[in-house]
Structure formats: structure tokens, C-alpha cells
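Asker: Got a file for you: query.txt, compact mmCIF, C-alpha atoms and all ligand atoms.
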# COMPACT_ATOMS: atom_id res chain seq x y z
CA MET S 137 -154.65 -29.28 -134.30
CA LEU S 138 -154.51 -26.22 -136.54
CA THR S 139 -152.37 -26.85 -139.56
CA GLU S 140 -150.38 -24.22 -141.42
CA GLN S 141 -152.96 -24.54 -144.21
CA LEU S 142 -155.81 -23.65 -141.85
CA LEU S 143 -153.88 -20.68 -140.51
CA ASN S 144 -153.28 -19.50 -144.06
CA ASP S 145 -157.02 -19.68 -144.68
CA GLY S 146 -157.33 -16.81 -142.24
CA LEU S 147 -159.88 -18.28 -139.85
CA ALA S 148 -160.05 -15.09 -137.78
CA GLN S 149 -159.55 -12.71 -140.68
CA THR S 150 -161.76 -9.59 -140.78
CA THR S 151 -160.77 -8.13 -144.15
CA LEU S 152 -160.40 -9.37 -147.72
CA HIS S 153 -157.25 -7.25 -148.00
CA PRO S 154 -154.90 -8.38 -145.22
CA LEU S 155 -151.41 -6.82 -145.12
CA ASN S 156 -150.14 -10.42 -145.26
CA ILE S 157 -147.29 -9.99 -142.87
CA ARG S 158 -146.68 -12.27 -139.92
CA VAL S 159 -145.63 -10.66 -136.68
CA LYS S 160 -142.94 -12.35 -134.63
CA SER S 161 -142.38 -9.74 -131.96
CA ALA S 162 -142.60 -6.00 -131.38
CA SER S 163 -140.51 -3.71 -129.25
CA GLY S 164 -140.42 0.08 -128.99
CA SER S 165 -141.25 1.48 -132.42
CA ILE S 166 -140.28 -1.66 -134.34
CA ILE S 167 -142.34 -4.68 -135.41
CA LEU S 168 -140.22 -7.74 -136.24
CA LEU S 169 -141.69 -10.03 -138.89
CA ASP S 170 -141.43 -13.79 -139.18
CA ASP S 171 -139.21 -13.47 -142.26
CA GLY S 172 -136.69 -11.40 -140.29
CA ARG S 173 -137.69 -8.00 -141.69
CA GLU S 174 -138.10 -5.03 -139.37
CA VAL S 175 -140.92 -2.58 -139.87
CA ILE S 176 -141.06 0.89 -138.32
CA ASP S 177 -144.51 1.25 -136.79
CA PHE S 178 -145.74 4.65 -137.95
CA VAL S 179 -149.37 4.05 -136.89
CA SER S 180 -149.15 2.49 -133.39
CA GLY S 181 -151.84 -0.08 -134.19
CA ILE S 182 -154.25 2.81 -134.92
CA GLY S 183 -153.30 4.90 -131.93
CA VAL S 184 -152.88 2.10 -129.39
CA SER S 185 -149.16 1.54 -128.89
CA SER S 186 -148.49 5.15 -128.00
CA PHE S 187 -145.86 4.23 -125.41
CA GLY S 188 -144.09 1.84 -127.76
CA HIS S 189 -144.48 -1.92 -128.02
CA SER S 190 -143.69 -4.06 -125.00
CA HIS S 191 -142.61 -1.16 -122.83
CA PRO S 192 -140.68 -2.72 -119.91
CA GLU S 193 -142.75 -0.85 -117.29
CA ILE S 194 -146.01 -2.07 -118.82
CA ILE S 195 -144.72 -5.65 -119.14
CA GLN S 196 -143.53 -5.61 -115.53
CA ALA S 197 -146.89 -4.29 -114.28
CA LEU S 198 -148.63 -7.08 -116.18
CA LYS S 199 -146.30 -9.74 -114.80
CA ASN S 200 -146.86 -8.49 -111.26
CA GLN S 201 -150.62 -8.56 -111.77
CA ILE S 202 -150.57 -12.07 -113.28
CA ASP S 203 -148.76 -13.27 -110.17
CA GLN S 204 -151.46 -11.73 -107.96
CA HIS S 205 -154.76 -12.54 -109.63
CA LEU S 206 -156.76 -12.40 -112.87
CA HIS S 207 -160.53 -11.94 -112.97
CA VAL S 208 -162.29 -12.12 -109.61
CA MET S 209 -165.53 -10.16 -109.89
CA VAL S 210 -166.84 -7.19 -111.77
CA TYR S 211 -167.17 -3.55 -110.65
CA GLY S 212 -166.75 -2.50 -107.11
CA GLU S 213 -168.20 -5.66 -105.65
CA MET S 214 -164.59 -6.34 -104.78
CA ARG S 215 -161.98 -3.65 -104.36
CA GLN S 216 -159.08 -4.39 -106.69
CA GLU S 217 -155.82 -2.53 -106.38
CA SER S 218 -155.09 -2.33 -110.11
CA GLN S 219 -158.53 -0.77 -110.78
CA ASP S 220 -158.11 1.75 -107.98
CA LEU S 221 -154.62 2.59 -109.20
CA ALA S 222 -155.65 3.09 -112.84
CA ALA S 223 -158.67 5.23 -111.89
CA ALA S 224 -156.67 7.34 -109.40
CA SER S 225 -153.86 7.80 -111.90
CA LEU S 226 -156.31 8.90 -114.61
CA CYS S 227 -158.25 11.29 -112.36
CA SER S 228 -155.01 12.83 -111.09
CA ILE S 229 -154.36 14.30 -114.56
CA LEU S 230 -157.96 15.30 -115.35
CA PRO S 231 -159.90 18.36 -114.17
CA SER S 232 -161.43 17.93 -110.70
CA SER S 233 -164.96 17.78 -112.19
CA MET S 234 -164.07 14.40 -113.68
CA ASP S 235 -163.76 12.29 -110.57
CA ALA S 236 -165.53 9.05 -111.51
CA VAL S 237 -164.30 6.47 -114.00
CA TYR S 238 -166.25 3.66 -115.58
CA PHE S 239 -163.97 1.07 -117.16
CA VAL S 240 -165.18 -0.98 -120.12
CA ASN S 241 -163.49 -3.18 -122.70
CA SER S 242 -163.33 -1.04 -125.82
CA GLY S 243 -163.81 2.44 -127.24
CA ALA S 244 -167.25 1.71 -128.67
CA GLU S 245 -168.45 0.44 -125.30
CA ALA S 246 -167.26 3.67 -123.71
CA ILE S 247 -169.31 5.61 -126.27
CA ASP S 248 -172.40 3.50 -125.56
CA GLY S 249 -171.93 4.02 -121.83
CA ALA S 250 -171.56 7.78 -122.28
CA LEU S 251 -174.71 7.98 -124.44
CA LYS S 252 -176.70 5.98 -121.87
CA LEU S 253 -175.33 8.17 -119.09
CA SER S 254 -176.45 11.33 -120.90
CA ARG S 255 -180.01 10.07 -121.47
CA ASN S 256 -180.24 8.83 -117.91
CA CYS S 257 -179.01 12.05 -116.33
CA THR S 258 -180.97 14.51 -118.47
CA LYS S 259 -184.17 12.46 -119.00
CA ARG S 260 -183.96 13.60 -122.62
CA THR S 261 -183.49 11.31 -125.61
CA ARG S 262 -182.00 13.30 -128.49
CA ILE S 263 -178.30 13.11 -129.30
CA MET S 264 -176.49 15.56 -131.56
CA ALA S 265 -173.53 14.12 -133.44
CA VAL S 266 -171.24 15.67 -136.02
CA GLU S 267 -170.60 15.19 -139.73
CA GLY S 268 -167.37 13.27 -140.23
CA GLY S 269 -167.44 11.75 -136.75
CA TYR S 270 -166.33 8.17 -136.10
CA HIS S 271 -167.14 6.53 -132.78
CA GLY S 272 -167.01 2.76 -133.31
CA ASN S 273 -169.16 -0.14 -134.40
CA THR S 274 -171.60 -1.16 -131.67
CA PHE S 275 -175.14 0.02 -132.47
CA GLY S 276 -174.89 3.08 -130.23
CA ALA S 277 -171.45 4.10 -131.47
CA LEU S 278 -172.34 3.41 -135.10
CA SER S 279 -175.56 5.44 -134.78
CA VAL S 280 -173.62 8.57 -133.82
CA SER S 281 -170.96 7.99 -136.50
CA SER S 282 -171.58 9.79 -139.76
CA ASN S 283 -170.43 7.50 -142.58
CA GLU S 284 -173.80 6.49 -144.09
CA ALA S 285 -172.38 3.67 -146.20
CA ARG S 286 -171.14 1.93 -143.05
CA LYS S 287 -174.56 2.25 -141.37
CA ALA S 288 -177.08 1.54 -144.14
CA PRO S 289 -176.68 -2.28 -144.22
CA PHE S 290 -177.49 -2.44 -140.50
CA ALA S 291 -180.40 0.01 -140.36
CA PRO S 292 -182.39 1.02 -138.45
CA MET S 293 -179.96 2.79 -136.15
CA VAL S 294 -180.63 3.99 -132.59
CA PRO S 295 -183.35 6.66 -132.92
CA ASP S 296 -183.23 10.36 -132.04
CA VAL S 297 -179.76 11.05 -133.41
CA ASP S 298 -179.20 14.23 -135.45
CA PHE S 299 -176.06 15.44 -137.21
CA MET S 300 -174.68 18.94 -137.45
CA GLU S 301 -171.83 20.37 -139.50
CA TRP S 302 -168.33 20.26 -138.02
CA ASN S 303 -166.73 23.54 -136.99
CA ASP S 304 -169.79 25.53 -138.09
CA HIS S 305 -171.06 28.29 -135.78
CA GLY S 306 -174.53 28.41 -137.33
CA ALA S 307 -175.03 24.68 -136.69
CA LEU S 308 -174.72 25.22 -132.93
CA GLN S 309 -178.08 27.05 -132.95
CA THR S 310 -179.78 23.70 -133.62
CA ILE S 311 -178.72 22.44 -130.18
CA ASP S 312 -181.66 23.08 -127.85
CA GLU S 313 -183.19 21.84 -124.58
CA SER S 314 -184.52 18.66 -126.22
CA PHE S 315 -181.00 17.21 -126.51
CA ALA S 316 -179.41 14.97 -123.90
CA ALA S 317 -175.92 15.28 -125.34
CA VAL S 318 -173.66 16.47 -128.10
CA ILE S 319 -170.96 13.97 -128.99
CA VAL S 320 -167.82 15.02 -130.87
CA GLU S 321 -164.28 13.86 -131.30
CA THR S 322 -162.15 16.70 -129.95
CA VAL S 323 -160.02 16.25 -133.07
CA GLN S 324 -161.68 14.18 -135.79
CA GLY S 325 -159.57 11.16 -136.70
CA ASP S 326 -161.26 9.13 -139.41
CA ALA S 327 -162.33 12.32 -141.19
CA GLY S 328 -158.59 12.82 -141.88
CA ILE S 329 -157.40 14.68 -138.75
CA ARG S 330 -159.74 17.65 -138.76
CA ILE S 331 -158.88 20.17 -136.06
CA PRO S 332 -161.70 22.49 -134.94
CA SER S 333 -161.14 26.17 -134.18
CA VAL S 334 -160.72 27.22 -130.56
CA LYS S 335 -163.58 29.65 -131.11
CA TRP S 336 -165.96 26.90 -132.25
CA MET S 337 -165.04 24.64 -129.36
CA HIS S 338 -165.73 27.48 -126.91
CA ALA S 339 -169.04 28.25 -128.58
CA LEU S 340 -169.98 24.54 -128.50
CA ARG S 341 -169.10 24.32 -124.80
CA ASN S 342 -171.11 27.46 -124.03
CA ARG S 343 -174.14 26.36 -126.02
CA CYS S 344 -174.21 22.98 -124.24
CA THR S 345 -173.96 24.65 -120.84
CA GLU S 346 -176.67 27.17 -121.74
CA LYS S 347 -179.11 24.46 -122.87
CA GLY S 348 -178.31 21.92 -120.16
CA VAL S 349 -176.94 19.49 -122.77
CA LEU S 350 -174.03 17.22 -121.82
CA LEU S 351 -170.89 17.61 -123.91
CA ILE S 352 -169.35 14.20 -124.59
CA LEU S 353 -165.82 14.40 -125.97
CA ASP S 354 -164.56 11.28 -127.72
CA GLU S 355 -160.80 11.15 -127.11
CA ILE S 356 -160.52 7.45 -127.74
CA GLN S 357 -157.97 8.13 -130.45
CA CYS S 358 -156.91 11.73 -129.88
CA GLY S 359 -156.45 11.46 -126.09
CA MET S 360 -153.57 10.02 -124.04
CA GLY S 361 -150.91 12.38 -125.41
CA ARG S 362 -151.56 11.85 -129.13
CA THR S 363 -152.09 15.55 -129.89
CA GLY S 364 -149.09 16.82 -127.91
CA LYS S 365 -150.94 17.36 -124.63
CA PRO S 366 -152.23 14.63 -122.30
CA PHE S 367 -155.82 15.29 -123.49
CA ALA S 368 -156.85 17.05 -126.69
CA PHE S 369 -159.45 19.26 -124.95
CA GLU S 370 -156.52 21.01 -123.22
CA HIS S 371 -155.70 22.69 -126.56
CA PHE S 372 -159.08 24.45 -126.39
CA SER S 373 -159.20 25.34 -122.69
CA ILE S 374 -162.57 23.66 -122.25
CA GLU S 375 -163.75 20.72 -120.14
CA PRO S 376 -166.18 18.03 -121.26
CA ASP S 377 -169.05 16.72 -119.12
CA VAL S 378 -168.15 13.19 -120.19
CA LEU S 379 -164.81 12.06 -121.61
CA CYS S 380 -164.46 8.81 -123.57
CA LEU S 381 -161.09 7.09 -123.70
CA GLY S 382 -159.77 3.83 -125.15
CA LYS S 383 -156.96 2.59 -127.38
CA ALA S 384 -153.71 3.86 -125.74
CA LEU S 385 -155.45 3.95 -122.35
CA GLY S 386 -154.92 0.18 -121.98
CA GLY S 387 -151.18 0.30 -122.69
CA GLY S 388 -151.65 -2.37 -125.39
CA LEU S 389 -154.47 -4.31 -123.74
CA PRO S 390 -158.14 -3.90 -124.64
CA MET S 391 -159.75 -1.22 -122.51
CA GLY S 392 -162.09 1.75 -122.69
CA ALA S 393 -163.41 4.18 -120.12
CA PHE S 394 -165.87 6.99 -119.78
CA VAL S 395 -165.17 9.57 -117.17
CA SER S 396 -167.54 12.07 -115.60
CA SER S 397 -168.61 13.39 -112.20
CA LYS S 398 -169.46 11.17 -109.24
CA ALA S 399 -173.01 12.59 -109.15
CA ARG S 400 -173.73 11.53 -112.75
CA MET S 401 -172.10 8.12 -112.39
CA ARG S 402 -174.13 7.44 -109.25
CA GLN S 403 -177.27 7.99 -111.32
CA LEU S 404 -176.09 5.33 -113.77
CA ALA S 405 -175.31 2.89 -110.96
CA THR S 406 -178.64 3.32 -109.19
CA SER S 407 -181.27 4.02 -111.81
CA PRO S 408 -181.68 1.19 -112.56
CA GLU S 409 -179.35 -0.54 -110.15
CA LEU S 410 -176.19 -1.58 -112.00
CA GLY S 411 -177.34 0.45 -115.01
CA HIS S 412 -174.31 -0.31 -117.18
CA ILE S 413 -172.36 -3.46 -116.48
CA THR S 414 -170.06 -5.75 -118.38
CA THR S 415 -168.35 -8.84 -116.99
CA PHE S 416 -164.81 -7.91 -117.91
CA GLY S 417 -164.90 -4.10 -117.58
CA GLY S 418 -162.15 -3.01 -115.20
CA HIS S 419 -160.36 -6.35 -115.54
CA PRO S 420 -157.19 -6.36 -113.45
CA LEU S 421 -154.79 -6.97 -116.37
CA PRO S 422 -155.73 -3.97 -118.55
CA CYS S 423 -156.06 -1.89 -115.39
CA ALA S 424 -152.49 -2.81 -114.38
CA SER S 425 -151.11 -1.97 -117.81
CA SER S 426 -153.22 1.19 -117.93
CA ALA S 427 -151.82 2.41 -114.61
CA ALA S 428 -148.31 1.87 -116.03
CA ALA S 429 -149.25 3.61 -119.31
CA LEU S 430 -150.67 6.59 -117.42
CA SER S 431 -147.46 6.98 -115.51
CA LEU S 432 -145.54 6.87 -118.83
CA LEU S 433 -147.86 9.55 -120.21
CA LYS S 434 -146.71 11.88 -117.45
CA LYS S 435 -143.11 11.43 -118.66
CA ILE S 436 -143.58 12.02 -122.41
CA ASP S 437 -141.21 14.66 -123.77
CA PHE S 438 -143.85 16.66 -125.67
CA PRO S 439 -141.51 19.44 -126.95
CA ALA S 440 -139.18 16.82 -128.49
CA MET S 441 -142.13 15.00 -130.03
CA GLU S 442 -143.47 18.26 -131.43
CA GLU S 443 -140.13 19.05 -133.07
CA ARG S 444 -139.83 15.60 -134.68
CA ALA S 445 -143.41 15.59 -135.93
CA GLY S 446 -143.03 19.19 -137.16
CA ASN S 447 -139.93 18.24 -139.18
CA PHE S 448 -141.84 15.35 -140.72
CA GLN S 449 -144.68 17.69 -141.63
CA SER S 450 -142.29 20.15 -143.32
CA ARG S 451 -140.67 17.37 -145.36
CA MET S 452 -144.07 16.09 -146.46
CA MET S 453 -145.35 19.58 -147.34
CA ALA S 454 -142.30 20.13 -149.54
CA HIS S 455 -143.08 17.09 -151.70
CA GLU S 456 -144.75 17.75 -155.05
CA LEU S 457 -147.22 14.90 -154.53
CA VAL S 458 -148.57 16.08 -151.20
CA GLN S 459 -151.71 18.22 -151.35
CA ASP S 460 -152.03 18.90 -147.63
CA VAL S 461 -150.77 17.75 -144.23
CA ARG S 462 -153.10 18.12 -141.25
CA ARG S 463 -151.31 17.63 -137.96
CA ILE S 464 -151.73 18.18 -134.27
CA GLY S 465 -148.95 16.65 -132.17
CA ALA S 466 -148.21 13.19 -133.57
CA TYR S 467 -151.68 12.82 -135.10
CA ILE S 468 -151.18 13.32 -138.81
CA ALA S 469 -153.02 12.99 -142.13
CA VAL S 470 -151.06 13.26 -145.36
CA GLU S 471 -153.37 14.04 -148.25
CA LEU S 472 -152.52 12.94 -151.79
CA LYS S 473 -154.29 13.29 -155.13
CA ASP S 474 -156.46 10.21 -154.84
CA ALA S 475 -157.05 6.79 -153.27
CA ALA S 476 -154.84 5.02 -155.83
CA SER S 477 -151.80 7.09 -154.81
CA VAL S 478 -152.53 6.31 -151.16
CA ALA S 479 -152.78 2.56 -151.88
CA PHE S 480 -149.49 2.67 -153.76
CA CYS S 481 -147.79 4.47 -150.86
CA VAL S 482 -149.12 2.13 -148.14
CA ASP S 483 -147.92 -0.88 -150.13
CA HIS S 484 -144.57 0.59 -151.18
CA ALA S 485 -143.75 1.90 -147.70
CA LEU S 486 -144.46 -1.48 -146.10
CA LYS S 487 -142.23 -3.27 -148.60
CA ASN S 488 -139.49 -0.85 -147.56
CA GLY S 489 -140.02 -1.29 -143.84
CA LEU S 490 -142.45 1.47 -142.88
CA LEU S 491 -146.03 0.95 -141.77
CA ILE S 492 -148.45 3.76 -142.65
CA TYR S 493 -152.15 3.13 -143.05
CA TYR S 494 -155.50 4.14 -144.51
CA PHE S 495 -158.41 6.06 -142.99
CA LEU S 496 -161.79 4.31 -143.25
CA SER S 497 -163.63 7.38 -144.58
CA THR S 498 -160.92 9.57 -146.11
CA PRO S 499 -159.64 7.66 -149.15
CA ASN S 500 -157.25 10.31 -150.47
CA ALA S 501 -155.11 10.51 -147.31
CA PHE S 502 -153.02 8.17 -145.17
CA ARG S 503 -152.57 8.25 -141.43
CA VAL S 504 -149.37 8.68 -139.45
CA ALA S 505 -149.50 8.25 -135.68
CA PRO S 506 -146.19 6.86 -134.41
CA PRO S 507 -145.48 5.84 -130.82
CA LEU S 508 -145.07 9.04 -128.79
CA THR S 509 -141.81 7.59 -127.54
CA MET S 510 -140.24 7.24 -131.02
CA ASP S 511 -136.64 8.52 -130.92
CA SER S 512 -135.35 11.13 -133.34
CA ASP S 513 -133.21 8.69 -135.40
CA THR S 514 -136.24 6.50 -136.05
CA TRP S 515 -138.36 9.54 -136.95
CA LEU S 516 -135.64 10.58 -139.41
CA LYS S 517 -135.36 7.10 -140.91
CA ALA S 518 -139.15 6.90 -141.26
CA THR S 519 -139.23 10.35 -142.88
CA GLU S 520 -136.57 9.28 -145.41
CA LEU S 521 -138.50 6.09 -146.21
CA MET S 522 -141.66 8.15 -146.62
CA CYS S 523 -139.94 10.53 -149.04
CA GLN S 524 -138.60 7.59 -151.05
CA THR S 525 -142.11 6.18 -151.26
CA LEU S 526 -143.53 9.51 -152.45
CA ASP S 527 -140.73 9.78 -155.03
CA ALA S 528 -141.57 6.29 -156.32
CA CYS S 529 -145.24 7.24 -156.48
CA ALA S 530 -144.43 10.46 -158.38
CA LEU S 531 -142.32 8.48 -160.85
CA ILE S 532 -145.18 6.05 -161.55
CA GLU S 533 -147.63 8.91 -161.97
CA SER S 534 -145.36 10.72 -164.42
CA THR S 535 -144.98 7.69 -166.70
C1 LIG S 601 -162.46 8.36 -132.27
C2 LIG S 601 -162.83 6.93 -132.04
N1 LIG S 601 -163.88 6.63 -131.27
C3 LIG S 601 -164.24 5.37 -131.03
C4 LIG S 601 -163.55 4.31 -131.58
C5 LIG S 601 -163.99 2.90 -131.30
O1 LIG S 601 -163.07 2.24 -130.50
P1 LIG S 601 -162.99 0.65 -130.53
O2 LIG S 601 -162.53 0.25 -131.89
O3 LIG S 601 -162.03 0.30 -129.43
O4 LIG S 601 -164.38 0.15 -130.23
C6 LIG S 601 -162.46 4.57 -132.41
C7 LIG S 601 -161.71 3.48 -133.05
O5 LIG S 601 -160.99 3.63 -133.98
C8 LIG S 601 -162.09 5.92 -132.64
O6 LIG S 601 -161.05 6.22 -133.43
Could you take the file, read its structure, and then write that structure out as C-alpha cells?

Answerer:
Amino acid sequence: MLTEQLLNDGLAQTTLHPLNIRVKSASGSIILLDDGREVIDFVSGIGVSSFGHSHPEIIQALKNQIDQHLHVMVYGEMRQESQDLAAASLCSILPSSMDAVYFVNSGAEAIDGALKLSRNCTKRTRIMAVEGGYHGNTFGALSVSSNEARKAPFAPMVPDVDFMEWNDHGALQTIDESFAAVIVETVQGDAGIRIPSVKWMHALRNRCTEKGVLLILDEIQCGMGRTGKPFAFEHFSIEPDVLCLGKALGGGLPMGAFVSSKARMRQLATSPELGHITTFGGHPLPCASSAAALSLLKKIDFPAMEERAGNFQSRMMAHELVQDVRRIGAYIAVELKDAASVAFCVDHALKNGLLIYYFLSTPNAFRVAPPLTMDSDTWLKATELMCQTLDACALIEST
């Protein structure tokens, strides 16, 4: 039996710097700790709990599914209602060109599937990725991510990957007929919420179309309502050839998906046969919670969310310590002077009941990405706590 001592040793720990809080339960925008403290979740488990923790509709969908069946068999060999429902619900809010969904278990797997799909459909090998991009940690996803320090210890990466500058018109000229795909986050997350210009996104879309290159948009973090519209590409009036989703898609359960046209997906299924399979992809439990999450997405009050997030941004911008706030919807980076100030703020805010968090590759900023369902009182309380934390940080820096 596991003793308390063994648990304290952190047998499943993945970092040397754990937050060292024990979770008892979580509901809505609040995480309740073992010691009785309540923490406002201002990061949604890195963009996962976008519909709040333990949403009753998601919990009910899961209970119903548990009563019916768990795993039976993978992909299409058996028709499963929860899979059909999740796929139909997703396609109903996507452009008609995206009418085939491939469910996997994580964001990185969705990226790998999309990269394989692009090579298979175009019979080309080269992939163009973007400086500052983050796509996950499998070999494929890591290879198209740009942080060199995270890749070097595992080299060599998947070959034939190039990088171009983000939001740079000149860089688009390097995309030619030798490329299978360009992969970009519609809004870069780990780079500290970098929002491209509408003009650049249009030019990127046009260049890909002109050269027969597939445009893969990674909306694993910025999709599912995070930016104030159901999908971030809607801000730019473009459509991807392949869309990658994850995180909030599963309603709190592990799930990823890549979405494209039936014609392309057929190619992946037939050449070779079962060209991309995984035992648990499209598992009935995440599919059931995903179908519930997708129906919640349709009900999000985006104007209210925009107002609350906008007020937060104004309060942050007014603080002497804040250098910049980059925001689209409820996807926010608050930039401070340096990494030390960020570390102070993360620690101080948590002690006072507010969870904000770091970016992997942007040390001088912290992330804010609350549940999209957070009510205005909780937004206000979180904003006050944030201001108190910044005041405390300013005091330390002035002494
Ligand atoms: C933009 C983006 N793409 C891909 C991933 C990888 O997703 P996962 O961690 O589920 O593999 C992440 C995870 O943070 C992400 O933010």
C-alpha cells in the first residue's frame, strides 16, 4: 500500500518545482485544496477547463456513458454513439470543408497525425514551421516547435522541417512547391500570446493555396472559444486545410483531434490501410464529455467574457510594473520586467488564492486563461488579487 511518505516523494512527479498544493475538489472556477483553502483558477489547467471544473452537463454525460459502455474497439470498426455525437457536434460549427474528424488522445498526437496527413496527401516531405511555435512533445510535434533548448537533448529531430519568421511577409516567399504543409498556431500561446495581423494570415493562406501546400492550424490551446470566437481562425476570415484541436475539446478528459476533408482523411485510412491508429483514440468517455463541452461552447456569452477580460487588461495596463498585456478574448499574457518578478507574482498570487502560471518559453510574462464561464464577481475578485500581488512585487522591487 502507498504510504503518505511515498506519496510525498512524488512518485509521478514531472517537475522539480511542484506547486505543492493538494487538490481536494474543483468546481466552476474554484479549486478547493486539502487544507480548506480555495483558489481561483485563472489558467484553466493550461487552457483545458474552459467550461469550468466539473460542469454538471459534462459530469452527467460521463455518468450516462459509464452506464452504457467503456472501451469496445477502436475507430469505426464499431459505430459508437458518443463518437458520432462528438464528431457531428464539432463539424456542425466548422466550415463545410472540414467534414472529417480523427480523434486521438492528446494535442501532440493530433499534430503528428496532421503532419502525416499532409505528407501522405501531397507526396511531399518538407514542413514549414514558425519561430516561437509550440506544438507538443512527441517527436513530430517537438520537431515543428521552435524552442531549440527543448529539442537539442533529443536530437536528431524529424527531418525536412524549416522555420520561418512569425508575422513576416517576406518569409512567406520561402514557401514553395516542395513543402507538404505549413504549421502555425493561429495565435501563438507559449511565445506569450502573439497575435498575427489579419493581412499576414491572409497572405499565408493565399501562398499555401497558390503552392498547393496544406495549411495546418494548431488551435489546441487557442481554439474552443478561448479567443472570444469558437475558433481563432474566425478572427482572420480564413479556413485551414487541417485543424488541430485538444485541451478544452475533451471537456476535462484527455483528447485531441485533427479535422480536415473526407477526401484527405480517406487517403490516410487507405494508404496504407489504417494509416494512423491508436487504441484509445475516440474513446467513448472523452467523446461523451467532448459532445457536452461542444454544446456548452455554443452557449458561451462571448460579449460578457470580452467585457470582463477587457476590464482586467485595463487594470493590468494601468499598473506601473506591467510592461505589456497581449490579449485576445480570454487568452492573456502579462509581461513584467523579468523572470524573477514573474516568479514572485506566481508564488504570491497562489498564497493569496489565485492561480496564474508561467509560459515555457517566455520567462518575463505570466499566463492568464480563466474558464470562459467565469462570472463577473470572480473576475473582479481575481483582478483585485492580481493588483495586490503586483503591488507587493513593486514594493519588494523598490526596497
Ligand atoms: C498550441 C499547442 N499545441 C500543442 C500542444 C500539445 O498538446 P498536448 O500537451 O495535449 O500534447 C499544446 C500544449 O500545451 C499547445 O499549447

Asker: 9 Å from ligand LIG 601 (chain S) is the threshold here; counting only C-alpha atoms and all ligand atoms, which polymer residues fall inside it? Answer as a CSV table (one decimal) with C-alpha atoms, in the coordinates of the input.

Answerer:
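Now in selection_21.csv:
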chain,number,residue,atom,x,y,z
S,182,ILE,CA,-154.2,2.8,-134.9
S,183,GLY,CA,-153.3,4.9,-131.9
S,241,ASN,CA,-163.5,-3.2,-122.7
S,242,SER,CA,-163.3,-1.0,-125.8
S,243,GLY,CA,-163.8,2.4,-127.2
S,244,ALA,CA,-167.2,1.7,-128.7
S,245,GLU,CA,-168.4,0.4,-125.3
S,246,ALA,CA,-167.3,3.7,-123.7
S,247,ILE,CA,-169.3,5.6,-126.3
S,269,GLY,CA,-167.4,11.8,-136.8
S,270,TYR,CA,-166.3,8.2,-136.1
S,271,HIS,CA,-167.1,6.5,-132.8
S,272,GLY,CA,-167.0,2.8,-133.3
S,273,ASN,CA,-169.2,-0.1,-134.4
S,274,THR,CA,-171.6,-1.2,-131.7
S,277,ALA,CA,-171.4,4.1,-131.5
S,281,SER,CA,-171.0,8.0,-136.5
S,320,VAL,CA,-167.8,15.0,-130.9
S,321,GLU,CA,-164.3,13.9,-131.3
S,322,THR,CA,-162.2,16.7,-130.0
S,323,VAL,CA,-160.0,16.2,-133.1
S,324,GLN,CA,-161.7,14.2,-135.8
S,325,GLY,CA,-159.6,11.2,-136.7
S,326,ASP,CA,-161.3,9.1,-139.4
S,354,ASP,CA,-164.6,11.3,-127.7
S,355,GLU,CA,-160.8,11.2,-127.1
S,356,ILE,CA,-160.5,7.4,-127.7
S,357,GLN,CA,-158.0,8.1,-130.4
S,358,CYS,CA,-156.9,11.7,-129.9
S,380,CYS,CA,-164.5,8.8,-123.6
S,381,LEU,CA,-161.1,7.1,-123.7
S,382,GLY,CA,-159.8,3.8,-125.2
S,383,LYS,CA,-157.0,2.6,-127.4
S,390,PRO,CA,-158.1,-3.9,-124.6
S,391,MET,CA,-159.8,-1.2,-122.5
S,392,GLY,CA,-162.1,1.8,-122.7

Asker: Grab the atom CA of Ser232 of chain S to atom CA of Arg215 of chain S distance for me, in Å with one decimal place.

Answerer: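 These two atoms are separated by 22.5 Å.
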
Asker: Pick out the residues sitting within 8 Å of Val266 of chain S, and hand them over as a PyMOL selection string; count all atoms listed in the file, and ignore anything fewer than 5 positions along from it in its own chain.

Answerer: chain S and resi 280-282+299-302+319-320

Asker: Just give me the residues with any atom within 9 Å of (-183.5, 3.4, -117.0), file coordinates, counting all atoms listed in the file, written as a compact mmCIF listing (two decimals) with C-alpha atoms, in the frame of the given file.

Answerer:
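Dumped everything to result_36.txt:
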# COMPACT_ATOMS: atom_id res chain seq x y z
CA LYS S 252 -176.70 5.98 -121.87
CA ARG S 255 -180.01 10.07 -121.47
CA ASN S 256 -180.24 8.83 -117.91
CA LEU S 404 -176.09 5.33 -113.77
CA SER S 407 -181.27 4.02 -111.81
CA PRO S 408 -181.68 1.19 -112.56
CA GLU S 409 -179.35 -0.54 -110.15
CA GLY S 411 -177.34 0.45 -115.01

Asker: For Met234 of chain S, which of S:Leu472, S:Thr406, S:Val378, S:Leu516 is the closest residue, counting only C-alpha atoms?

Answerer: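 Among the listed residues, S:Val378 lies closest to Met234 of chain S.
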
Asker: Between S:Asp474, S:Ile263, S:Ala485, S:Leu521, single out the one closest to Ala501 of chain S, counting all atoms listed in the file.

Answerer: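 With all atoms listed in the file as the atom set, the closest residue is S:Asp474.
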
Asker: Please list as JSON, numbers by chain every residue within 7 Å of Leu169 of chain S, counting all atoms listed in the file and excluding residues in the same chain fewer than 6 positions away.

Answerer: {"S": [157, 158, 159, 160, 161]}

Asker: Selection from above, C-alpha atoms, as an mmCIF file, in the coordinates of the input, can you write it?

Answerer:
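Okay, out.cif is ready:
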data_model
loop_
_atom_site.group_PDB
_atom_site.id
_atom_site.type_symbol
_atom_site.label_atom_id
_atom_site.label_comp_id
_atom_site.auth_asym_id
_atom_site.auth_seq_id
_atom_site.Cartn_x
_atom_site.Cartn_y
_atom_site.Cartn_z
ATOM 1 C CA ILE S 157 -147.290 -9.990 -142.870
ATOM 2 C CA ARG S 158 -146.680 -12.270 -139.920
ATOM 3 C CA VAL S 159 -145.630 -10.660 -136.680
ATOM 4 C CA LYS S 160 -142.940 -12.350 -134.630
ATOM 5 C CA SER S 161 -142.380 -9.740 -131.960
#

Asker: Between S:Arg444, S:His305, S:Lys435, S:Arg173, which one has atoms that come closest to Asp511 of chain S, using all atoms listed in the file?

Answerer: S:Arg444

Asker: Expressed in Å to a single decimal, how great is the separation between atom CA of Met522 of chain S and atom CA of Val458 of chain S?

Answerer: 11.5 Å
